[in-house]
Amino acid sequence: MLIVMVLGFAVLILITFLAYRHAPPIPSQVVDEQGKRLFSAEDIGKGQEVFLKYGLMDNGSVWGHGAYLGPDYSAEALHRIGEHTAAVIAQRQYRKPLVALTPEKQAAVYAQTAIELKTNRYDAASGTLHLTPPATAAYRQEANYWREYFLDPASNGGLERGLINNPVELQQFTAFVTWTAWAAVTNRPGETHSYTNNFPYDPSVGNRVTPDAVLWSALSLIMLLAGIATVLLIFGKFDYLGWISTEKHVHPHLLPNQASAGQLALVKFFVVVMLLFLMQTLLGGATAHYRAAPDSFYGFQLERIFPSNLTRTWHLQTAVFWIATAYIAAALFLGRSLRTDEPRWLAGSVHLLFGAFVIVIAGSLFGEWAGISQLLDQWWFWLGNQGWEYMELGRLWQYLLIGGLLVWFAILLKLMESSELTDPAVKPLTRMFLFASLAIPMFYLPALFFGAKTNFTVVDTWRFWIIHLWVEGFFEFFVTTMVALMFYQLGLTQRNVALRVVYLDAILYFAGGLIGTGHHWYFTGQTSFNMAMSSMFSTLEVVPLTLLTLDAWAFIRTTRADCDTCGKPVAVPHKWTFYFLMSVGFWNFVGAGICGFLINLPVISYFEVGTQLTPNHGHAAMMGVFGMLALALMIFVVRQTSSDPHWAGIEKYAKVGFWGCNAGLALMLSMSLFPGGVLQVWDVAQHGYWHARSLEYTGSARSRLIEWLRLPGDMVFIIFGVIPLVIVAVKGWLIANKQTAE
């Protein structure tokens with residue numbers, strides 16, 4: 001495991017280092033043909049600040065990364081520059097408008113347009129970028145275009161009316177977008193493709209898929225087949241791999257209704273968890289509605305109070321908060337269950353930690369509203385909304401969050417002191433658990449490594465150290481160790497069996513997941529080296545996806561069977577915990593495996609990134625895997641703190657919630673996100689990326705019908721999934737309060 005981690009991090013750090021060296025340069029000045037300055041590096045930096053300050057990464061995207069309500073700003077600007085250049089060439093050569101030319105002459109014009117735009121006119125020695133006359137003319141028209149875009153919520157996906165009308169800010173934003181368009185089309189020195197590997201796809205400016213993308217996509221399939229074959233060989237030869245220990249004395253060490261005061265104090269965390277879950281789903285429904293009807297929320301102008309960039313910001317942040325909070329509370333619950341007694345300080349520490357998390361969560365959400373509403377002036381980055389997708393919370397809240405996680409780890413470390421463990425044999429598992437727990441605050445630190453003006457390529461590199469490495473890597477490793485502890489204490493697995501699974505899963509996660517982080521960087525200013533490494537290794541991420549709950553049905557059989565040793569019935573009263581874990585296995589395969597692999601290869605990602613197939617994968621994987629795991633842990637804690645009679649009154653809500661969440665998610669994907677994504681990728685291939693992300697496509701009758709078809713799944717998910725589980729958490733908390741008072 002250590003060898004895999006060292007090698008993986010070595011390559012990942014090298015790729016990150018190369019991102020600094022090979023990021024698209026930011027010119028000190030951009031001039032026209034006569035040498036007159038158009039804008040400067042300072043204007044580009046301030047334009048990026050405008051992009052972030054107004055929450056535009058939660059409206060549209062740059063180089064495919066961001067939200068899906070608005071356009072891809074770089075693709076939109078690039079296409080208009082290309083059309084303007086083609087029109088000028090047509091008049092210059094044929095004295096006719098472009099549309100009046102024959103197909104042969106149009107093809108010749110577009111070929112010349114591609115040559116003109118792909119010629120790199122950046123002088124690295126002086127830091128000066130020269131724009132051609134057509135590009136200069138297009139730039140001078142851009143500010144007016146974006147002023148019109150921000151004016152009407154119906155045409156921009158539900159932004160506040162007239163969001164940006166300051167002429168200086170519009171000019172700065174235009175400078176930033178023009179720079180991103182230049183980097184997307186101009187050939188990297190010494191190469192025949194742009195800084196973004198020819199993304200976005202737009203044949204009219206010469207942007208087509210590169211040979212590198214085709215080659216490494218093909219070779220990565222070989223890596224995938226080899227990885228699957230290796231794992232099947234291992235599991236075939238070593239039949240003792242897996243969670244369940246067969247032919248052993250199987251009876252749980254953890255019994256319900258024996259929770260301590262500290263464990264009872266943790267139940268209130270899950271009330272907050274489920275309220276945040278409910279908030280997230282309501283915000284998700286509102287954000288989806290903006291795609292279906294951006295100008296009206298059933299006759300009400302919702303964008304005046306909750307514009308779409310705010311609802312999406314909150315939707316993402318509440319998702320991170322409720323899932324992470326569930327994991328943190330469950331970890332403390334399991335840590336306490338390993339001890340012989342409870343330290344007097346535990347309950348008080350839990351209350352203090354709860355208060356700290358409430359402050360950070362509520363404060364950051366309020367700050368994001370204030371920041372997007374432009375109420376914080378120069379403090380928007382620190383107290384409000386940083387603007388980076390998934391990392392919107394202000395920098396101060398990030399520091400407080402890291403501090404809270406370190407305090408949580410200190411509590412966990414003190415709680416799980418070796419001398420206080422009930423079973424000394426569990427020490428190797430607890431060491432792995434603590435190692436995984438420490439990684440949670442430590443690997444959030446890259447969120448502090450950049451600012452509002454940092455080169456976009458560099459920011460996206462560190463951003464996915466969080467989004468991919470923190471969430472999909474170390475959170476998954478953390479959850480694996482936590483599930484191992486849970487199964488060990490329930491008597492379903494022996495210590496060494498659990499350790500083997502933890503080590504094997506870690507090897508497989510990190511073998512593909514560390515270097516595979518770079519599959520998010522194919523087209524964000526990284527070189528072909530990243531594409532080669534990340535495409536080859538990220539395919540291995542598919543291999544371990546079903547291992548966490550490989551024995552899911554064995555869990556169910558175990559809870560219904562007799563012990564192989566003593567012949568007595570096995571009493572493991574956690575049916576719905578295991579059912580949620582079974583759904584994790586299913587969505588791991590469907591959401592992370594099928595839907596994730598579908599968009600992972602460079603040649604597919606080139607056409608797909610930023611289309612509806614991305615949230616199709618995101619919803620199935622984030623909710624289906626991490627969300628279902630969080631719900632499994634919530635059900636486990638509530639069951640452990642409830643007596644059999646109390647649980648009888650709660651179980652029916654857990655049952656409805658299980659089926660509601662899974663059915664609602666399946667409907668959401670099958671009726672809307674997946675078909676919508678396939679059709680959008682088809683439009684990219686037909687008309688170019690800019691068109692598939694434009695209002696011309698997203699505002700079409702067919703696209704909006706597909707968005708409306710998401711409504712049944714959303715309603716099932718919220719009404720029959722989330723609300724019953726909120727009731728489970730509230731009832732469990734009331735029972736815990738009653739036991740504490742007694």
# chains A, B, ... in the order shown; residues from 1 in each chain; ligands from 1
>>> select_by_dssp(residues="stretch 273-518 of chain A", states="strand (DSSP E or B)", output="list in words")
Phe297, Phe300, Arg339, Asn385, Gln386, Gly387, Trp388, Met391, Glu392, Leu393 and Leu421 of chain A
>>> closest_atom_pairs(of="stretch 210-309 of chain A", to="stretch 316-321 of chain A", cutoff="12 Å", atoms="only C-alpha atoms", output="tab-separated table")
residue	atom	partner	partner_atom	distance
A:Phe269	CA	A:Phe321	CA	11.3
A:Phe270	CA	A:Phe321	CA	11.6
A:Val272	CA	A:Phe321	CA	9.7
A:Val273	CA	A:Phe321	CA	7.8
A:Met274	CA	A:Thr318	CA	10.4
A:Leu275	CA	A:Thr318	CA	9.6
A:Leu276	CA	A:Thr318	CA	5.8
A:Phe277	CA	A:Ala319	CA	6.8
A:Leu278	CA	A:Thr318	CA	9.3
A:Met279	CA	A:Thr318	CA	7.3
A:Gln280	CA	A:Thr318	CA	5.5
A:Thr281	CA	A:Ala319	CA	8.8
A:Leu282	CA	A:Thr318	CA	10.8
A:Leu283	CA	A:Leu316	CA	9.2
A:Gly284	CA	A:Leu316	CA	8.7
A:Thr287	CA	A:Leu316	CA	10.9
A:Asn309	CA	A:Leu316	CA	10.8
>>> write_last_selection(atoms="C-alpha atoms", output="PDB file, in the first residue's frame")
ATOM      1  CA  PHE A 269     -25.567  15.550  14.380  1.00  0.00           C
ATOM      2  CA  PHE A 270     -27.794  13.377  12.220  1.00  0.00           C
ATOM      3  CA  VAL A 272     -28.565  18.457  11.096  1.00  0.00           C
ATOM      4  CA  VAL A 273     -27.350  15.962   8.496  1.00  0.00           C
ATOM      5  CA  MET A 274     -30.872  15.153   7.353  1.00  0.00           C
ATOM      6  CA  LEU A 275     -32.057  18.781   7.389  1.00  0.00           C
ATOM      7  CA  LEU A 276     -29.076  19.685   5.188  1.00  0.00           C
ATOM      8  CA  PHE A 277     -29.957  16.709   2.967  1.00  0.00           C
ATOM      9  CA  LEU A 278     -33.505  18.017   2.620  1.00  0.00           C
ATOM     10  CA  MET A 279     -32.199  21.517   1.891  1.00  0.00           C
ATOM     11  CA  GLN A 280     -29.827  20.146  -0.730  1.00  0.00           C
ATOM     12  CA  THR A 281     -32.565  18.274  -2.590  1.00  0.00           C
ATOM     13  CA  LEU A 282     -34.924  21.269  -2.586  1.00  0.00           C
ATOM     14  CA  LEU A 283     -32.127  23.480  -3.911  1.00  0.00           C
ATOM     15  CA  GLY A 284     -31.303  20.845  -6.532  1.00  0.00           C
ATOM     16  CA  THR A 287     -31.676  24.657  -9.867  1.00  0.00           C
ATOM     17  CA  ASN A 309     -25.926  30.731  -9.138  1.00  0.00           C
TER      18      ASN A 309
END
>>> residues_around(residues="A:Ala425", least_positions_apart="6", cutoff="12 Å", atoms="only C-alpha atoms", output="list in words")
Leu338, Ser418, Ser419, Arg431, Leu485, Tyr488, Gln489, Gln494, Arg495, Asn496 and Leu499 of chain A
>>> residues_around(residues="stretch 503-512 of chain A", least_positions_apart="2", cutoff="6 Å", atoms="only C-alpha atoms", output="JSON, numbers by chain")
{"A": [1, 4, 500, 501, 514, 516, 537, 538, 540, 541, 544]}
>>> select_by_dssp(residues="stretch 120-262 of chain A", states="helix (DSSP H, G or I)", output="VMD selection string")
chain A and resid 133 to 151 153 to 156 167 to 185 203 to 205 211 to 237 261 to 262
